[in-house]
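Enquirer: What follows is run.csv, made up of CSV, C-alpha atoms:
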chain,number,residue,atom,x,y,z
A,1,ILE,CA,-2.3,20.0,-14.8
A,2,ASP,CA,-0.6,17.2,-16.8
A,3,LEU,CA,2.3,17.1,-14.3
A,4,GLN,CA,-0.1,17.0,-11.3
A,5,LEU,CA,-1.9,14.0,-12.9
A,6,ASN,CA,1.2,11.9,-12.2
A,7,TRP,CA,0.3,11.7,-8.5
A,8,PRO,CA,-2.7,9.6,-7.3
A,9,PHE,CA,-3.5,12.1,-4.6
A,10,ASN,CA,-4.0,15.0,-7.1
A,11,VAL,CA,-6.2,12.8,-9.3
A,12,ALA,CA,-8.4,12.0,-6.3
A,13,ALA,CA,-8.4,15.7,-5.3
A,14,PHE,CA,-9.5,16.7,-8.8
A,15,LYS,CA,-12.3,14.2,-8.6
A,16,LEU,CA,-13.4,15.6,-5.2
A,17,LEU,CA,-13.3,19.2,-6.5
A,18,ALA,CA,-15.2,18.2,-9.7
A,19,SER,CA,-17.8,16.6,-7.5
A,20,LEU,CA,-18.1,19.7,-5.3
A,21,ASP,CA,-18.5,21.7,-8.6
A,22,GLY,CA,-21.6,19.5,-9.4
A,23,ARG,CA,-19.9,17.2,-11.8
A,24,SER,CA,-19.2,13.5,-11.8
A,25,PRO,CA,-15.9,12.4,-10.4
A,26,THR,CA,-15.2,10.8,-13.7
A,27,ASP,CA,-15.3,14.3,-15.3
A,28,TYR,CA,-12.1,15.2,-13.3
A,29,LEU,CA,-9.9,15.8,-16.4
A,30,ALA,CA,-12.2,18.3,-18.0
A,31,PHE,CA,-12.7,20.0,-14.6
A,32,ALA,CA,-8.9,20.2,-14.0
A,33,HIS,CA,-8.1,21.6,-17.4
A,34,GLU,CA,-10.9,24.1,-17.1
A,35,LYS,CA,-10.4,25.3,-13.5
A,36,ARG,CA,-6.7,24.6,-13.2
A,37,PRO,CA,-6.6,24.0,-9.5
A,38,PHE,CA,-3.3,24.3,-7.6
A,39,GLU,CA,-1.6,25.7,-10.7
A,40,ARG,CA,0.7,28.6,-10.1
A,41,GLY,CA,-0.9,31.9,-11.2
A,42,CYS,CA,-4.5,30.5,-11.1
A,43,THR,CA,-6.9,31.5,-8.4
A,44,GLY,CA,-9.7,29.7,-6.6
A,45,TYR,CA,-7.9,26.7,-5.0
A,46,PHE,CA,-5.0,26.2,-2.6
A,47,LYS,CA,-3.5,22.9,-1.5
A,48,GLY,CA,-1.3,22.8,1.5
A,49,LYS,CA,-0.2,20.5,4.4
A,50,LEU,CA,-0.5,21.0,8.1
A,51,PHE,CA,2.9,19.2,8.4
A,52,PRO,CA,5.0,19.5,5.3
A,53,GLU,CA,7.4,16.7,6.1
A,54,ALA,CA,6.1,13.6,4.3
A,55,PHE,CA,4.8,10.9,6.6
A,56,TYR,CA,4.7,7.9,4.3
A,57,ASN,CA,5.1,5.7,7.3
A,58,ILE,CA,3.1,7.6,9.9
A,59,PRO,CA,4.5,6.0,13.0
A,60,ALA,CA,8.1,6.2,11.8
A,61,TRP,CA,10.6,9.0,12.3
A,62,GLY,CA,13.9,8.0,10.9
A,63,ASP,CA,17.3,9.5,10.2
A,64,GLU,CA,16.1,11.2,7.0
A,65,ALA,CA,13.3,13.0,8.9
A,66,ILE,CA,15.7,14.0,11.6
A,67,ARG,CA,18.1,15.3,9.0
A,68,THR,CA,15.6,17.3,6.9
A,69,THR,CA,13.6,18.8,9.8
A,70,GLY,CA,16.3,19.1,12.5
A,71,PHE,CA,13.9,17.6,15.1
A,72,PRO,CA,14.9,14.4,17.0
A,73,SER,CA,11.3,13.1,17.1
A,74,LYS,CA,8.0,13.5,15.3
A,75,ALA,CA,6.4,14.8,18.5
A,76,ASP,CA,9.0,17.6,18.7
A,77,TYR,CA,8.4,18.4,15.0
A,78,GLN,CA,4.6,18.5,15.5
A,79,ILE,CA,4.8,20.7,18.6
A,80,TRP,CA,6.9,23.2,16.8
A,81,MET,CA,4.7,23.2,13.7
A,82,ARG,CA,1.6,23.7,15.8
A,83,LYS,CA,3.2,26.6,17.6
A,84,GLU,CA,4.9,28.3,14.6
A,85,ARG,CA,3.2,27.1,11.4
A,86,PHE,CA,-0.5,26.9,12.4
A,87,PRO,CA,-0.8,30.6,13.2
A,88,VAL,CA,0.6,31.4,9.7
A,89,LEU,CA,-2.0,29.1,8.2
A,90,THR,CA,-4.7,30.8,10.3
A,91,SER,CA,-3.5,34.2,9.1
A,92,TRP,CA,-3.9,33.1,5.4
A,93,ILE,CA,-7.5,32.0,6.2
A,94,GLU,CA,-8.2,35.3,7.8
A,95,LYS,CA,-6.8,37.2,4.9
A,96,CYS,CA,-8.2,35.1,2.0
A,97,ARG,CA,-11.5,33.9,3.5
A,98,PRO,CA,-11.9,30.7,1.4
A,99,LYS,CA,-15.4,29.5,0.8
A,100,LEU,CA,-14.5,26.1,2.3
A,101,ILE,CA,-11.5,24.4,3.9
A,102,ILE,CA,-11.3,20.7,3.3
A,103,GLY,CA,-9.1,18.9,5.8
A,104,LEU,CA,-8.1,15.4,4.8
A,105,GLY,CA,-7.3,12.9,7.5
A,106,LEU,CA,-9.7,12.3,10.4
A,107,THR,CA,-6.8,11.7,12.9
A,108,HIS,CA,-5.9,15.4,12.6
A,109,ALA,CA,-9.4,16.8,13.2
A,110,ASP,CA,-8.3,18.8,16.2
A,111,ASP,CA,-5.4,20.3,14.2
A,112,PHE,CA,-7.8,21.4,11.4
A,113,LEU,CA,-10.1,22.9,14.1
A,114,THR,CA,-7.2,24.9,15.5
A,115,VAL,CA,-6.1,26.2,12.1
A,116,ALA,CA,-9.7,27.2,11.2
A,117,GLN,CA,-10.2,28.6,14.7
A,118,ALA,CA,-13.3,26.5,15.0
A,119,SER,CA,-14.7,25.7,18.4
A,120,GLU,CA,-16.5,22.4,17.6
A,121,LEU,CA,-17.3,19.8,15.0
A,122,ALA,CA,-20.9,19.3,13.9
A,123,GLU,CA,-22.3,15.8,14.3
A,124,GLU,CA,-20.4,13.1,12.6
A,125,ARG,CA,-21.8,12.1,9.2
A,126,SER,CA,-21.4,8.4,8.3
A,127,PHE,CA,-22.1,6.6,5.1
A,128,GLU,CA,-21.2,3.2,3.5
A,129,VAL,CA,-19.8,2.4,0.1
A,130,ASN,CA,-19.2,-1.2,-1.0
A,131,GLY,CA,-19.5,-2.4,2.6
A,132,HIS,CA,-16.9,0.0,4.0
A,133,SER,CA,-17.9,2.7,6.5
A,134,LYS,CA,-16.8,6.2,5.9
A,135,ARG,CA,-17.0,9.1,8.3
A,136,MET,CA,-16.7,12.9,7.9
A,137,PHE,CA,-17.3,16.0,10.0
A,138,THR,CA,-18.3,19.6,9.2
A,139,THR,CA,-18.5,22.8,11.1
A,140,GLN,CA,-19.2,26.4,10.6
A,141,SER,CA,-18.0,27.5,14.0
A,142,GLY,CA,-14.7,28.8,12.8
A,143,LEU,CA,-13.4,31.5,10.5
A,144,VAL,CA,-14.9,29.7,7.4
A,145,PRO,CA,-16.7,26.5,6.8
A,146,LEU,CA,-14.6,23.4,7.4
A,147,ALA,CA,-15.1,19.8,6.2
A,148,ILE,CA,-12.9,17.1,7.6
A,149,LEU,CA,-12.9,14.0,5.3
A,150,PRO,CA,-11.1,10.7,5.3
A,151,HIS,CA,-7.9,10.7,3.3
A,152,LEU,CA,-8.3,10.5,-0.5
A,153,THR,CA,-5.8,7.7,-1.1
A,154,GLY,CA,-5.8,5.5,1.9
A,155,GLY,CA,-7.4,2.3,3.1
A,156,PRO,CA,-10.9,0.9,3.0
A,157,ASN,CA,-12.3,3.7,5.2
A,158,GLY,CA,-10.9,6.5,3.0
A,159,LEU,CA,-12.4,8.2,0.0
A,160,ASN,CA,-10.9,5.6,-2.3
A,161,SER,CA,-13.5,5.3,-5.1
A,162,ASN,CA,-15.5,7.6,-7.3
A,163,GLU,CA,-18.7,6.6,-5.5
A,164,ALA,CA,-17.2,7.5,-2.0
A,165,ILE,CA,-15.9,10.8,-3.3
A,166,ALA,CA,-19.3,11.7,-4.9
A,167,VAL,CA,-21.2,10.8,-1.7
A,168,ALA,CA,-18.8,12.8,0.5
A,169,ALA,CA,-19.1,15.8,-1.8
A,170,GLN,CA,-22.9,15.6,-1.8
Here is the file; what I need is its structure written in the form of structure tokens.
Expert:
Amino acid sequence: IDLQLNWPFNVAAFKLLASLDGRSPTDYLAFAHEKRPFERGCTGYFKGKLFPEAFYNIPAWGDEAIRTTGFPSKADYQIWMRKERFPVLTSWIEKCRPKLIIGLGLTHADDFLTVAQASELAEERSFEVNGHSKRMFTTQSGLVPLAILPHLTGGPNGLNSNEAIAVAAQ
């Protein structure tokens, strides 16, 4: 847990999970040390990526990405991942039947639907925090319930505050 706390994404994820557990986002440290999410050998939580190649600059696909993935373009990489990786992710969902899948990043809503074998999103839920609009989607039309939330660390429309995280969890 102490190692995971070095990354802002994990801190925000712990805050979200603490909120889903009925706690305040500010109680994330106690939650993380008690539940030990994402820690090898502990059960109850899994963190993964649709596309494991890091996209720090989402539109860019440079020489490093070409070298590490072997794909000449991001589009080629994503096509391959959708064809080869997504069925593997779906098989894990079928096998493990999680209580909830949380997809982070609204731009990949269709990808999350595919992986969860969901047919449709429920009505969009919108809320505002500190003058910034936030959107999220949920569905129960797939293998397991799915919530698609804004990213935890990005921009004014993301879940970038304790208040936004608590409202989304609620």
Enquirer: Could you name the residues that touch Leu149 of chain A at 7 Å or less, counting only C-alpha atoms, but leaving out those on the same chain fewer than 3 positions away, as an MDAnalysis selection string?
Expert: chainID A and resid 103:106 136:137
Enquirer: Report, in Å with one decimal, the straight-line distance from atom CA of Ile79 of chain A to atom CA of Leu50 of chain A.
Expert: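 Atom CA of Ile79 of chain A sits 11.8 Å away from atom CA of Leu50 of chain A.
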Enquirer: Can you list, as an MDAnalysis selection string, every protein, DNA or RNA residue that comes within 12 Å of Gly131 of chain A when you count all atoms listed in the file, leaving out same-chain residues fewer than 2 positions away?
Expert: chainID A and resid 127:129 133:134 156:157 164
Enquirer: With all atoms listed in the file as the atoms that count, which of A:Gly155, A:Gly70, A:Pro145, A:Pro37 lies nearest to Leu5 of chain A?
Expert: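 Of A:Gly155, A:Gly70, A:Pro145, A:Pro37, the one nearest Leu5 of chain A is A:Pro37, counting all atoms listed in the file.
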Enquirer: Can you work out which one of A:Glu53, A:Glu39, A:Tyr45, A:Glu120 has the shortest atom-to-atom distance to Arg67 of chain A, counting only C-alpha atoms?
Expert: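 Closest to Arg67 of chain A of all the choices is A:Glu53.
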Enquirer: For segment 92-100 of chain A, list every protein, DNA or RNA residue within 9 Å, evaluated using only C-alpha atoms, and leave out those in the same chain fewer than 4 positions away; present the list as a tab-separated table (two decimals) with C-alpha atoms, in the frame of the given file.
Expert:
chain	number	residue	atom	x	y	z
A	44	GLY	CA	-9.70	29.70	-6.60
A	45	TYR	CA	-7.90	26.70	-5.00
A	87	PRO	CA	-0.80	30.60	13.20
A	88	VAL	CA	0.60	31.40	9.70
A	115	VAL	CA	-6.10	26.20	12.10
A	116	ALA	CA	-9.70	27.20	11.20
A	143	LEU	CA	-13.40	31.50	10.50
A	144	VAL	CA	-14.90	29.70	7.40
A	145	PRO	CA	-16.70	26.50	6.80
A	146	LEU	CA	-14.60	23.40	7.40
A	147	ALA	CA	-15.10	19.80	6.20
Enquirer: For a quick check of understanding, using only C-alpha atoms, which of A:Ile101, A:Val11, A:Gly62, A:Phe51 has the smallest distance to Lys83 of chain A?
Expert: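 Checking each candidate against Lys83 of chain A, we get A:Phe51 as the closest.
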Enquirer: With all atoms listed in the file as the atoms that count, which of A:Ser91, A:Thr26, A:Thr107, A:Thr69 lies nearest to Ser161 of chain A?
Expert: A:Thr26
